[in-house]
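In what follows, a structure is listed as C-alpha cells, so that the remarks can point back to it.
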Amino acid sequence: VLSRQVHLVAYPTGEIRADHFRVVEVETAAPGPGDVLVHNTWTSVDPGMRLRLAESAPAGYFAPFALRAPLDGIMTVGEVVESRADGFARGDLVWHAAGWREHAVVRAGEPALRGLGTLARIDGSVAPAQAYLGPLGGVGLTAYAGLLHAAELREGDVVWVSAAAGAVGSLAAQIAKLRGHRVIGSAGSPAKTAFLREELGLDAAFDYHDGSVEELLRAAAPDGIDVYFDNVGGEHLEAALGALRRGGRVALCGAVSAYDAAAAPSGPRNLFQATANDLTLRGFRGSSHVHRFPDLHRDMGAWLAAGLVKTRETVFEGLDRAPEALVRLLAGETVGKTLVRVGQRAP
Ligand SMILES: NC(=O)c1ccc[n+]([C@@H]2O[C@H](COP(=O)([O-])OP(=O)(O)OC[C@H]3O[C@@H](n4cnc5c(N)ncnc54)[C@H](OP(=O)(O)O)[C@@H]3O)[C@@H](O)[C@H]2O)c1
C-alpha cells in the first residue's frame with residue numbers, strides 16, 4: 001500500500017514550526033504473521049509530544065522521536081484492513097500507537113506506550129471512534145486517575161484545574177463537578193473561560209493573562225483550595241502552593257508552560273508551603289493506571305451517554321495538517337481534544 005506518514009526533519013529549539021516535519025509517501029510492507037494492517041482514521045495530538053522532539057527526553061518519560069522516521073508512540077484509531085493475528089479481523093475498529101501515518105503494520109500483543117497503546121479492539125457502538133483518543137482513551141484515564149487517585153479527591157474539596165479548556169483539563173474539571181465539588185478553571189482566552197463557565201458549568205473561571213495568577217486565583221477562591229490539578233507548572237504551580245489549605249493535594253499531571261523552554265525552568269520558589277501546610281504533591285502518569293480502563297469505560301461511558309460530560313474537539317482535516325495541529329495546540333489555539341482526521345482513503 002502506498003501511504004503517507006509524518007517524519008521529523010530536525011529537533012527544534014524553542015517553538016516548533018510545521019517545517020520541522022515532512023510528510024513522505026512510502027510503501028507500507030505487507031503484514032507478517034502476528035501482524036495487522038490498519039488504515040488509521042483519527043490520530044492524536046498531545047502536548048507531551050513536544051518533550052519527545054529532542055535528542056533526549058526527560059528520564060523515565062517516553063523515548064524521543066527519531067529523525068527521518070515515522071513518529072513512534074502516538075495514539076491512533078483505525079480500521080483493520082488485513083489481519084494475520086489471532087483475535088483481529090478485517091473491519092475491526094482498533095486503537096494502537098503507530099499514529100501520524102495513514103497506514104500502519106502493528107504487531108498484536110506488542111506493548112506500546114506502557115500498555116496504553118497496545119493494539120486493542122474498541123467498541124464503536126459506545127461512542128464515535130475518536131472518543132477513544134479523548135474521554136475513553138488515555139486522556140480520559142489521565143483526568144480520571146489523576147483526580148481520583150493522584151489527588152485523592154475527598155468530599156468538600158475545592159478544586160482548581162489549569163488548562164481547563166483542554167483535553168485532560170476539561171474532563172478533570174467536569175468529573176470534579178459531577179462529584180459535587182466547587183471547581184475553578186483557568187485557561188488562556190476569554191472564549192475559553194466563557195466555555196468553562198457556560199458550557200462546563202464551572203463555579204469560577206479566569207484567564208491567566210489578566211494579571212498575576214496568584215491574585216486571579218485568590219479572587220476566584222478567597223478561602224483557598226484543597227486540590228490543584230496541574231497541567232501547566234511554573235507560575236500556576238506557585239499560585240497553587242500559596243492557596244492550598246492544610247492537607248491539600250496537587251496532582252502533577254503536566255507542565256506545559258515549560259515544554260518549549262530551552263533551559264530547565266527553576267522550581268517553585270515557595271515550595272516550603274508544602275511543608276508549612278502538610279501538602280502532598282504527587283506526579284503521575286496516565287499510563288500507570290491502564291488497569292483502571294474498565295472503571296473509566298464504565299463511569300465515563302455512562303456520563304457520556306447521559307450527556308453529563310461534554311466533549312469538545314478541535315479537528316484538523318488530513319494528515320498534512322498534523323504538524324500545524326501540534327503547533328496550534330501548544331500555542332493555546334485549540335479547545336478540548338485536538339485531533340487529526342487522517343482521511344477516509346481505503347487502500
Ligand atoms: N501525566 C500524564 O500521563 C499526562 C497524560 C496526558 C497529558 N498530560 C499533560 O496534561 C496537560 C494537558 O494535556 P492535554 O492533552 O489535555 O492538552 P490541552 O490542554 O488540550 O492543550 C494544551 C493547553 O495548554 C495550554 N498552554 C499552553 N502553553 C501554556 C502556558 N505557557 N501557560 C499556560 N497554559 C498553556 C493551552 O491552553 P490555554 O489557552 O489555556 O493556554 C493549550 O490549549 C499537559 O501538561 C500534558 O503534558 C499528562
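Order determines the names: the first chain of the C-alpha cells is A, the second B, and so forth; residues in each chain are numbered 1 upward, and ligands are numbered 1 upward as they are shown.
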
With a cut-off of 7 Å, could you pull out the residues of chain A touching ligand 1 and give me the nearest pair of atoms for each, distance in Å to one decimal, using only C-alpha atoms and all ligand atoms, ordered by chain and ascending number, as a Markdown table?
| residue | atom | partner | partner_atom_place_in_ligand_line | distance |
| --- | --- | --- | --- | --- |
| A:Asp46 | CA | ligand 1 | 15 (O) | 4.7 |
| A:Pro47 | CA | ligand 1 | 47 (O) | 5.0 |
| A:Gly48 | CA | ligand 1 | 47 (O) | 4.3 |
| A:Gly138 | CA | ligand 1 | 5 (C) | 6.8 |
| A:Val139 | CA | ligand 1 | 6 (C) | 5.5 |
| A:Thr142 | CA | ligand 1 | 5 (C) | 5.4 |
| A:Ala163 | CA | ligand 1 | 40 (O) | 4.3 |
| A:Ala164 | CA | ligand 1 | 40 (O) | 6.6 |
| A:Ala165 | CA | ligand 1 | 40 (O) | 6.1 |
| A:Gly166 | CA | ligand 1 | 19 (O) | 3.3 |
| A:Ala167 | CA | ligand 1 | 16 (O) | 3.5 |
| A:Val168 | CA | ligand 1 | 16 (O) | 3.6 |
| A:Gly169 | CA | ligand 1 | 16 (O) | 5.6 |
| A:Ser186 | CA | ligand 1 | 40 (O) | 6.6 |
| A:Ala187 | CA | ligand 1 | 40 (O) | 3.3 |
| A:Gly188 | CA | ligand 1 | 39 (O) | 3.5 |
| A:Ser189 | CA | ligand 1 | 39 (O) | 5.8 |
| A:Asn231 | CA | ligand 1 | 45 (O) | 4.1 |
| A:Val232 | CA | ligand 1 | 33 (C) | 5.2 |
| A:Cys253 | CA | ligand 1 | 1 (N) | 4.1 |
| A:Gly254 | CA | ligand 1 | 45 (O) | 3.3 |
| A:Ala255 | CA | ligand 1 | 45 (O) | 4.6 |
| A:Val256 | CA | ligand 1 | 45 (O) | 4.3 |
| A:Ser257 | CA | ligand 1 | 31 (N) | 3.5 |
| A:Ala258 | CA | ligand 1 | 31 (N) | 6.8 |
| A:Phe284 | CA | ligand 1 | 1 (N) | 5.3 |
| A:Arg285 | CA | ligand 1 | 3 (O) | 3.4 |
| A:Gly286 | CA | ligand 1 | 3 (O) | 3.7 |
| A:Ser287 | CA | ligand 1 | 3 (O) | 5.9 |
| A:Leu329 | CA | ligand 1 | 43 (O) | 5.4 |
| A:Leu330 | CA | ligand 1 | 27 (C) | 4.9 |
| A:Ala331 | CA | ligand 1 | 27 (C) | 5.6 |
| A:Gly332 | CA | ligand 1 | 36 (C) | 3.6 |
| A:Glu333 | CA | ligand 1 | 43 (O) | 6.2 |
| A:Thr334 | CA | ligand 1 | 43 (O) | 5.4 |
| A:Val335 | CA | ligand 1 | 43 (O) | 6.1 |
| A:Gly336 | CA | ligand 1 | 20 (O) | 5.4 |
| A:Lys337 | CA | ligand 1 | 20 (O) | 5.3 |
| A:Thr338 | CA | ligand 1 | 20 (O) | 6.2 |

Please dump the current selection as a short mmCIF file (atom, residue, chain, number, x, y, z; two decimals), in the first residue's frame; keep N, CA, C and O atoms.
data_model
loop_
_atom_site.label_atom_id
_atom_site.label_comp_id
_atom_site.auth_asym_id
_atom_site.auth_seq_id
_atom_site.Cartn_x
_atom_site.Cartn_y
_atom_site.Cartn_z
N ASP A 46 -0.81 15.74 21.06
CA ASP A 46 -0.64 15.86 22.51
C ASP A 46 0.52 16.78 22.85
O ASP A 46 1.58 16.68 22.23
N PRO A 47 0.37 17.61 23.89
CA PRO A 47 1.49 18.49 24.29
C PRO A 47 2.75 17.72 24.66
O PRO A 47 3.86 18.19 24.42
N GLY A 48 2.59 16.53 25.25
CA GLY A 48 3.77 15.74 25.67
C GLY A 48 4.67 15.39 24.50
O GLY A 48 5.86 15.10 24.69
N GLY A 138 -6.53 7.50 26.70
CA GLY A 138 -5.50 7.89 27.67
C GLY A 138 -5.78 9.25 28.31
O GLY A 138 -5.45 9.47 29.48
N VAL A 139 -6.38 10.14 27.53
CA VAL A 139 -6.71 11.47 28.05
C VAL A 139 -7.74 11.37 29.18
O VAL A 139 -7.58 11.97 30.25
N THR A 142 -6.18 9.78 32.22
CA THR A 142 -5.30 10.71 32.94
C THR A 142 -6.12 11.63 33.84
O THR A 142 -5.77 11.86 35.01
N ALA A 163 -5.29 24.83 32.57
CA ALA A 163 -5.53 24.40 31.17
C ALA A 163 -6.87 23.66 31.12
O ALA A 163 -6.99 22.60 30.51
N ALA A 164 -7.87 24.26 31.76
CA ALA A 164 -9.14 23.57 31.98
C ALA A 164 -10.00 23.47 30.73
O ALA A 164 -10.98 22.73 30.72
N ALA A 165 -9.66 24.22 29.69
CA ALA A 165 -10.43 24.10 28.44
C ALA A 165 -9.79 23.07 27.51
O ALA A 165 -10.29 22.85 26.41
N GLY A 166 -8.70 22.45 27.96
CA GLY A 166 -8.01 21.48 27.12
C GLY A 166 -8.60 20.09 27.29
O GLY A 166 -9.62 19.90 27.97
N ALA A 167 -7.94 19.12 26.67
CA ALA A 167 -8.47 17.76 26.63
C ALA A 167 -8.56 17.16 28.04
O ALA A 167 -9.64 16.79 28.51
N VAL A 168 -7.44 17.09 28.73
CA VAL A 168 -7.42 16.49 30.07
C VAL A 168 -8.15 17.40 31.06
O VAL A 168 -8.99 16.94 31.84
N GLY A 169 -7.84 18.69 31.02
CA GLY A 169 -8.39 19.62 31.99
C GLY A 169 -9.91 19.68 31.96
O GLY A 169 -10.56 19.70 33.01
N SER A 186 -8.95 27.53 34.94
CA SER A 186 -8.24 28.64 34.30
C SER A 186 -7.85 28.24 32.90
O SER A 186 -7.67 27.05 32.60
N ALA A 187 -7.76 29.24 32.03
CA ALA A 187 -7.41 28.99 30.63
C ALA A 187 -6.90 30.28 30.03
O ALA A 187 -6.85 31.32 30.72
N GLY A 188 -6.55 30.23 28.74
CA GLY A 188 -5.80 31.32 28.13
C GLY A 188 -6.56 32.31 27.28
O GLY A 188 -5.92 33.10 26.57
N SER A 189 -7.88 32.31 27.29
CA SER A 189 -8.60 33.32 26.50
C SER A 189 -10.00 33.53 27.07
O SER A 189 -10.53 32.64 27.75
N ASN A 231 -1.78 21.16 35.09
CA ASN A 231 -1.40 20.86 33.70
C ASN A 231 -0.32 21.81 33.20
O ASN A 231 0.18 21.63 32.09
N VAL A 232 0.01 22.82 34.00
CA VAL A 232 0.78 23.96 33.46
C VAL A 232 2.15 24.14 34.13
O VAL A 232 3.13 24.45 33.47
N CYS A 253 0.17 16.67 36.75
CA CYS A 253 -0.17 15.98 35.50
C CYS A 253 0.78 16.38 34.39
O CYS A 253 1.23 15.55 33.61
N GLY A 254 1.09 17.67 34.31
CA GLY A 254 1.98 18.15 33.26
C GLY A 254 2.42 19.56 33.56
O GLY A 254 1.94 20.19 34.51
N ALA A 255 3.36 20.05 32.76
CA ALA A 255 3.91 21.38 32.99
C ALA A 255 4.11 22.06 31.64
O ALA A 255 5.21 22.46 31.26
N VAL A 256 2.99 22.21 30.91
CA VAL A 256 3.08 22.65 29.51
C VAL A 256 3.73 24.02 29.35
O VAL A 256 4.32 24.30 28.31
N SER A 257 3.72 24.84 30.40
CA SER A 257 4.34 26.17 30.26
C SER A 257 5.85 26.07 30.06
O SER A 257 6.48 27.04 29.64
N ALA A 258 6.42 24.90 30.36
CA ALA A 258 7.89 24.78 30.25
C ALA A 258 8.34 23.88 29.11
O ALA A 258 9.54 23.71 28.91
N PHE A 284 2.18 11.84 38.40
CA PHE A 284 1.57 10.57 37.99
C PHE A 284 1.53 10.50 36.47
O PHE A 284 1.55 11.52 35.79
N ARG A 285 1.49 9.29 35.97
CA ARG A 285 1.33 9.06 34.54
C ARG A 285 0.01 8.35 34.31
O ARG A 285 -0.30 7.38 35.03
N GLY A 286 -0.75 8.79 33.33
CA GLY A 286 -1.98 8.09 32.97
C GLY A 286 -1.68 6.64 32.66
O GLY A 286 -2.42 5.72 33.03
N SER A 287 -0.53 6.42 32.00
CA SER A 287 -0.17 5.07 31.57
C SER A 287 0.16 4.14 32.73
O SER A 287 0.33 2.94 32.53
N LEU A 329 -1.87 23.66 18.97
CA LEU A 329 -2.20 23.15 20.31
C LEU A 329 -1.30 23.81 21.36
O LEU A 329 -1.76 24.31 22.38
N LEU A 330 0.02 23.82 21.07
CA LEU A 330 0.96 24.37 22.05
C LEU A 330 0.79 25.87 22.19
O LEU A 330 1.10 26.44 23.24
N ALA A 331 0.29 26.51 21.14
CA ALA A 331 0.05 27.96 21.20
C ALA A 331 -1.27 28.29 21.89
O ALA A 331 -1.63 29.46 22.03
N GLY A 332 -2.02 27.28 22.30
CA GLY A 332 -3.27 27.53 23.02
C GLY A 332 -4.43 27.86 22.09
O GLY A 332 -5.45 28.38 22.53
N GLU A 333 -4.30 27.53 20.81
CA GLU A 333 -5.36 27.90 19.85
C GLU A 333 -6.43 26.84 19.69
O GLU A 333 -7.34 26.99 18.87
N THR A 334 -6.32 25.74 20.41
CA THR A 334 -7.32 24.68 20.26
C THR A 334 -8.12 24.54 21.56
O THR A 334 -7.65 24.93 22.63
N VAL A 335 -9.32 24.00 21.44
CA VAL A 335 -10.18 23.78 22.61
C VAL A 335 -10.54 22.30 22.67
O VAL A 335 -10.76 21.67 21.63
N GLY A 336 -10.60 21.76 23.88
CA GLY A 336 -10.95 20.35 24.04
C GLY A 336 -9.86 19.46 23.46
O GLY A 336 -8.68 19.83 23.45
N LYS A 337 -10.25 18.32 22.94
CA LYS A 337 -9.26 17.37 22.42
C LYS A 337 -8.85 17.75 21.00
O LYS A 337 -9.70 17.92 20.13
N THR A 338 -7.56 17.86 20.78
CA THR A 338 -7.04 18.19 19.45
C THR A 338 -6.78 16.90 18.69
O THR A 338 -6.08 16.00 19.17
#

Picked from segment 195-306 of chain A by DSSP as strand (DSSP E), as number ranges by chain: A: 204-207, 225-230, 244-252, 280-283

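Near segment 263-267 of chain A, within a cut-off of 12 Å and counting only C-alpha atoms, sit the residues Thr13, Gly14, Leu51, Pro58, Gly233, Gly234, Glu235, His236, Leu237, Glu238, Leu241, Ala255, Val256, Ser257, Ala258, Tyr259, Asp260, Asn270, Leu271 and Phe272 of chain A, with same-chain residues fewer than 3 positions away left out.
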
Grab the residues selected above and save them as a PDB file, in the first residue's frame with C-alpha atoms.
ATOM      1  CA  THR A  13      14.921  24.552  19.733  1.00  0.00           C
ATOM      2  CA  GLY A  14      12.260  26.715  21.356  1.00  0.00           C
ATOM      3  CA  LEU A  51       9.154  16.709  25.124  1.00  0.00           C
ATOM      4  CA  PRO A  58      13.136  13.558  30.399  1.00  0.00           C
ATOM      5  CA  GLY A 233       3.527  24.178  36.149  1.00  0.00           C
ATOM      6  CA  GLY A 234       5.563  27.375  36.629  1.00  0.00           C
ATOM      7  CA  GLU A 235       3.692  30.407  37.945  1.00  0.00           C
ATOM      8  CA  HIS A 236       0.456  28.383  38.126  1.00  0.00           C
ATOM      9  CA  LEU A 237       2.013  25.836  40.483  1.00  0.00           C
ATOM     10  CA  GLU A 238       3.432  28.601  42.675  1.00  0.00           C
ATOM     11  CA  LEU A 241       1.127  26.335  46.634  1.00  0.00           C
ATOM     12  CA  ALA A 255       3.913  21.383  32.986  1.00  0.00           C
ATOM     13  CA  VAL A 256       3.076  22.650  29.513  1.00  0.00           C
ATOM     14  CA  SER A 257       4.341  26.172  30.261  1.00  0.00           C
ATOM     15  CA  ALA A 258       7.889  24.778  30.254  1.00  0.00           C
ATOM     16  CA  TYR A 259       7.832  22.312  27.353  1.00  0.00           C
ATOM     17  CA  ASP A 260       9.255  24.821  24.859  1.00  0.00           C
ATOM     18  CA  ASN A 270       7.536  28.788  47.540  1.00  0.00           C
ATOM     19  CA  LEU A 271       7.892  25.026  47.819  1.00  0.00           C
ATOM     20  CA  PHE A 272       8.202  25.438  51.595  1.00  0.00           C
TER      21      PHE A 272
END

Tell me which of A:Leu2, A:Leu67, A:Ala243, A:Leu217 sits closest to Thr28 of chain A, counting only C-alpha atoms. A:Leu2

Let me make sure I understand: among A:Leu196, A:Leu148, A:Val309, A:Val342, which one has the smallest atom-to-atom distance to Val250 of chain A if we use only C-alpha atoms? A:Leu148

Report as a Markdown table: every residue of segment 284-328 of chain A with an atom at most 12 Å from segment 124-128 of chain A, its closest pair of atoms, and their distance in Å to one decimal, counting only C-alpha atoms, with rows sorted by chain and ascending residue number.
| residue | atom | partner | partner_atom | distance |
| --- | --- | --- | --- | --- |
| A:His297 | CA | A:Val126 | CA | 9.4 |
| A:Arg298 | CA | A:Val126 | CA | 10.6 |
| A:Met300 | CA | A:Val126 | CA | 10.5 |
| A:Gly301 | CA | A:Val126 | CA | 7.1 |
| A:Ala302 | CA | A:Val126 | CA | 9.5 |
| A:Trp303 | CA | A:Val126 | CA | 11.5 |
| A:Leu304 | CA | A:Ala127 | CA | 8.3 |
| A:Ala305 | CA | A:Val126 | CA | 8.2 |
| A:Ala306 | CA | A:Val126 | CA | 11.9 |
| A:Gly307 | CA | A:Ala127 | CA | 12.0 |
| A:Thr311 | CA | A:Ala127 | CA | 11.5 |
